[in-house]
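Engineer: Have a look at the structure that comes next, please.
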Amino acid sequence: MRLPFKTIPAGLGASLLWTAMAQAQSATPAPENATFEVEQVFAGTCGFCHSDGGRAPGKGPQLMNSPRDDDFIRSRIKHGKQGAMPAFEGAFTDAQIDQVIKYIRALKPRDG
Amino acid sequence: MRKQWLNSGLPVLAVAAFAASAALAQTVDTSRIEAAGQNDWLTYHGSYKSHHYSPLAQINASNVGNLGVAWMHIPGRSTRGLQSMPLVADGVLYYTGSYSRVFALNGATGEVLWSFFPELDEALISRQTHSPYNRGVALGEGKVFVGTMDGRLFGLDAKTGKVLWETRLIDSQKLTVGFTGAPLYAKGSVIIGAQGGEWPGRGPIFAVDASTGKKKWEFLTVAGTDEAMKTWGNESWRTGGGGGWMPGTYDSETNTILWGTANPAPLYDWSGADYKTQGARPGDNLYTSSVIGLDIDTGKLKFYHQELPHDAWDFDSAVGEFVMLERDGQKYVVHPNKGGFVFVYDRNLGVKNVWRLVENINFVKDIDPKTGALIGRRDFSAGKVTEPPLCPFIGGGVSWNSGSYNPKTGLYYKIGQEWCMTLDVQKTTPVTTPQVQLNIGADFKMAPPPGGEIYGHLDARDPITGAKKWEVRYPEPPLGSVLSTAGNLVFVPDSRGVLHAYDAETGAELWKHNNGTGHQGGIVSYSVGGKQYIAVTAGFGGMLADEYAPNFGGVYKSMPRDDGALVVFSLK
């Protein structure tokens with residue numbers, strides 16, 4: 001299932017001027033309907049701060065066995081916390097965030 | 001009675017002296033930065049020679065015991081601490097806090113002359129990781145230049161802080177990254193490099209006309225030439241990373257900007273040994289993890305050395321120090337790499353030597369000191385890396401802050417970091433819509449070196465041969481810059497919050513002072529009205545500092561990561 005983007009950042013539409021610049025400096029978009037693999041997302045972004053795939057504290061707290069409820073976690077992922085954790089509201093759909101929460105709840109210590 | 005008279009008289013004297021020096025103020029230009037007059041600190045690295053050295057000797061090894069706080073300044077809103085290198089010209093100290101807040105202060109008293117708080121795109125900043133800290137300004141032509149997290153460069157009137165021009169250089173809405181590093185002023189241009197690395201993009205470095213703010217040129221550190229384009233298989237250059245987020249320097253003899261570039265994305269690759277054809281970004285990935293020489297007028301690449309071809313470990317070359325020195329008629333440039341090796345080049349970036357600053361290195365067996373070629377690379381496949389853990393840790397064998405070269409002792413004082421990491425390399429896909437996202441490529445965790453403990457060290461070394469004269473150890477790696485002076489002193493602001501002064505010849509500790517919070521920014525010395533000052537930024541937090549509380553506990557558990565102060569010392 002493909003959900004539409006929730007947020008289009010303010011100013012992006014207006015900045016036609018940017019198109020050329022963005023093309024020079026970046027990046028053609030990845031396919032929008034690329035499959036969402038939580039492990040990939042975690043190793044791509046979250047794991048930078050939540051160590052060992054969320055099993056240990058790093059720049060961010062340990063996520064395994066988090067005492068926080070789902071609403072708190074959902075809100076933290078969406079809105080982040082400035083100077084601590086980035087906001088992912090524009091990056092993930094609600095359904096995708098639910099998958100991330102599932103991943104966090106299923107985290108177990110690594111064996112061995 | 002007499003004492004009272006002296007006390008009340010002092011401010012008047014100071015003001016008079018300040019007015020006199022301000023009246024003598026000339027504009028800061030290329031030749032003045034080159035000459036590096038002893039009273040000032042005109043550019044990030046002290047001068048274009050990047051010595052981070054002060055020829056002042058009023059504060060020296062015999063009287064440093066009398067050093068005390070002269071004044072302080074609290075910038076406020078110090079999210080992720082303070083990371084800036086103060087600059088000083090004609091008695092005025094300029095520095096930045098988080099969110100690119102710029103302050104101009106009377107260098108003798110700390111009185112605020114003006115401040116500038118740019119209005120930033122807070123929603124954008126809330127999506128960023130390496131943010132909202134700022135590492136400083138550049139001075140030139142009566143202006144102060146500062147970059148912002150949302151991709152702009154400002155030219156401010158140095159006397160009033162008024163905005164003279166503002167130029168948007170990066171489409172940060174799309175690329176998510178902006179500027180945190182200080183710009184470099186030289187020959188009528190302001191040079192500044194974008195963030196990048198694990199952020200997919202093409203890592204531009206810009207030159208802007210200092211008087212008008214007009215963009216002069218842009219060099220893409222990812223596939224910026226046809227030759228480089230061939231070193232990114234499967235069009236991986238589109239999301240290559242790179243960037244040059246610390247200021248490099250200017251070599252007037254060759255009319256060249258020397259700059260260090262950041263790592264490619266994803267930061268870790270799963271190619272295995274066959275990295276030229278396999279994995280996320282097959283090939284050498286030019287010009288990431290390289291040192292490059294650009295013509296200052298045109299931005300054309302003149303020469304380069306890729307310190308780590310196909311960097312698969314995030315041990316990039318973004319460190320901005322290019323220490324220039326001469327020995328036996330030979331001119332050298334010394335550049336530390338994040339992996340813990342120090343490269344010695346000629347002025348055209350031809351390799352002359354490579355030496356090890358750090359003990360715990362195993363991402364390669366060695367680097368050939370004659371050619372700079374990597375020997376015995378460790379290229380990972382997807383999966384766990386534990387035996388042995390990868391050394392150094394992602395924080396590097398050296399961090400981005402600067403060491404100091406002291407021409408009087410002939411020694412290079414540099415912090416080394418001994419730590420390692422376990423990791424689990426995973427295949428990732430770069431995300432570029434609706435906005436670019438981080439692309440790391442592994443889950444990881446800090447680990448002690450095999451059979452040892454984590455620690456940091458200040459080394460006093462011969463900059464060319466690497467021969468070690470002495471070493472001081474710290475239980476946790478210090479993250480701030482180092483200052484040495486003609487007063488036979490070396491200053492090290494450590495992570496616990498203590499500023500140390502050592503004898504530059506022997507390493508004996510002569511003085512220390514607790515600034516109350518960890519350091520991870522700049523330290524400089526300057527003189528106003530005949531009096532020498534030492535200025536250091538204190539304030540912890542950020543990509544490396546945030547790892548300290550969970551890994552080291554102790555004083556870091558309660559250390560704020562949203563606070564900071566500029567602390568300035570003089571003799572009592």
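Chain identifiers are assigned as A, B, and so on, following the order in which chains appear in the structure tokens; residues are numbered from 1 within each chain, and ligands are numbered from 1 in order of appearance.
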Please identify every residue of chain B that has at least one atom no more than 7 Å from any atom of chain A, counting only C-alpha atoms, and report them as a tab-separated table (two decimals) with C-alpha atoms, in the first residue's frame.
Structural biologist:
chain	number	residue	atom	x	y	z
B	79	THR	CA	21.76	23.45	21.95
B	80	ARG	CA	24.50	20.78	21.65
B	126	SER	CA	14.21	19.85	13.54
B	127	ARG	CA	14.75	17.31	10.75
B	128	GLN	CA	18.55	17.54	10.94
B	129	THR	CA	21.04	15.46	12.91
B	131	SER	CA	22.81	20.54	14.01
B	132	PRO	CA	22.23	23.31	15.24
B	171	ASP	CA	18.63	23.85	-1.20
B	173	GLN	CA	14.74	21.97	2.24
B	201	GLY	CA	24.02	14.55	-1.93
B	202	ARG	CA	27.05	15.75	-3.84
B	203	GLY	CA	28.83	17.76	-1.17
B	204	PRO	CA	29.48	21.18	-2.75
B	238	ARG	CA	23.70	10.78	-7.28
B	239	THR	CA	23.60	10.01	-3.57
B	426	GLN	CA	23.20	-3.80	6.55
B	427	LYS	CA	22.16	-3.04	3.02
B	428	THR	CA	20.26	0.23	2.84
B	431	VAL	CA	16.12	8.01	0.73
B	432	THR	CA	15.88	11.30	-1.17
B	433	THR	CA	12.14	12.05	-1.13
B	434	PRO	CA	10.41	14.02	0.08
B	438	LEU	CA	20.66	9.89	6.73
B	439	ASN	CA	22.27	6.80	5.17
B	440	ILE	CA	24.54	4.98	7.63
B	441	GLY	CA	24.43	1.33	6.50
B	442	ALA	CA	25.00	-0.33	9.87
B	443	ASP	CA	23.92	-0.65	13.45
B	444	PHE	CA	26.87	-0.13	15.77
B	445	LYS	CA	28.08	0.31	19.33
B	546	ASP	CA	26.27	12.58	23.18
B	547	GLU	CA	27.97	9.17	23.40
B	550	PRO	CA	25.88	6.28	28.28
Engineer: Per residue of region 362-418 of chain B within 6 Å of region 333-356 of chain B, what are the shortest atom pair and its distance in Å to one decimal, counting only C-alpha atoms, with rows by chain and residue number, as a Markdown table?
Structural biologist:
| residue | atom | partner | partner_atom | distance |
| --- | --- | --- | --- | --- |
| B:Pro369 | CA | B:Val354 | CA | 4.5 |
| B:Lys370 | CA | B:Asn353 | CA | 5.8 |
| B:Gly396 | CA | B:Lys338 | CA | 5.0 |
| B:Gly397 | CA | B:Gly340 | CA | 4.1 |
| B:Val398 | CA | B:Lys338 | CA | 4.9 |
Engineer: I want to know what sits within 9 Å of region 411-418 of chain B, based on only C-alpha atoms, with residues of the same chain fewer than 3 positions away left out; could you give that as a VMD selection string?
Structural biologist: chain B and resid 51 340 357 to 361 391 to 393 395 to 399 401 to 408 448 to 449 453 to 463 466 469 476 to 484 490 492 504 to 505
Engineer: Using CA of Asn551 (chain B) and CA of Ala262 (chain B) as the two end points, give the distance in Å to one decimal.
Structural biologist: 25.9 Å
Engineer: For CA of Thr277 (chain B) and CA of Leu423 (chain B), determine how far apart the two atoms are, in Å to one decimal place.
Structural biologist: 22.9 Å
Engineer: Tell me, in Å to one decimal, how far CA of Asn514 (chain B) is from CA of Gly497 (chain B).
Structural biologist: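 Computing the Euclidean distance for CA of Asn514 (chain B) and CA of Gly497 (chain B) yields 5.6 Å.
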Engineer: Name the closest residue to Thr109 (chain B) among the candidates B:Leu258, B:Ala70, B:Ala57, B:Ile367; distances are taken between atoms, counting only C-alpha atoms.
Structural biologist: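 Selected residue with least distance to Thr109 (chain B): B:Ala70.
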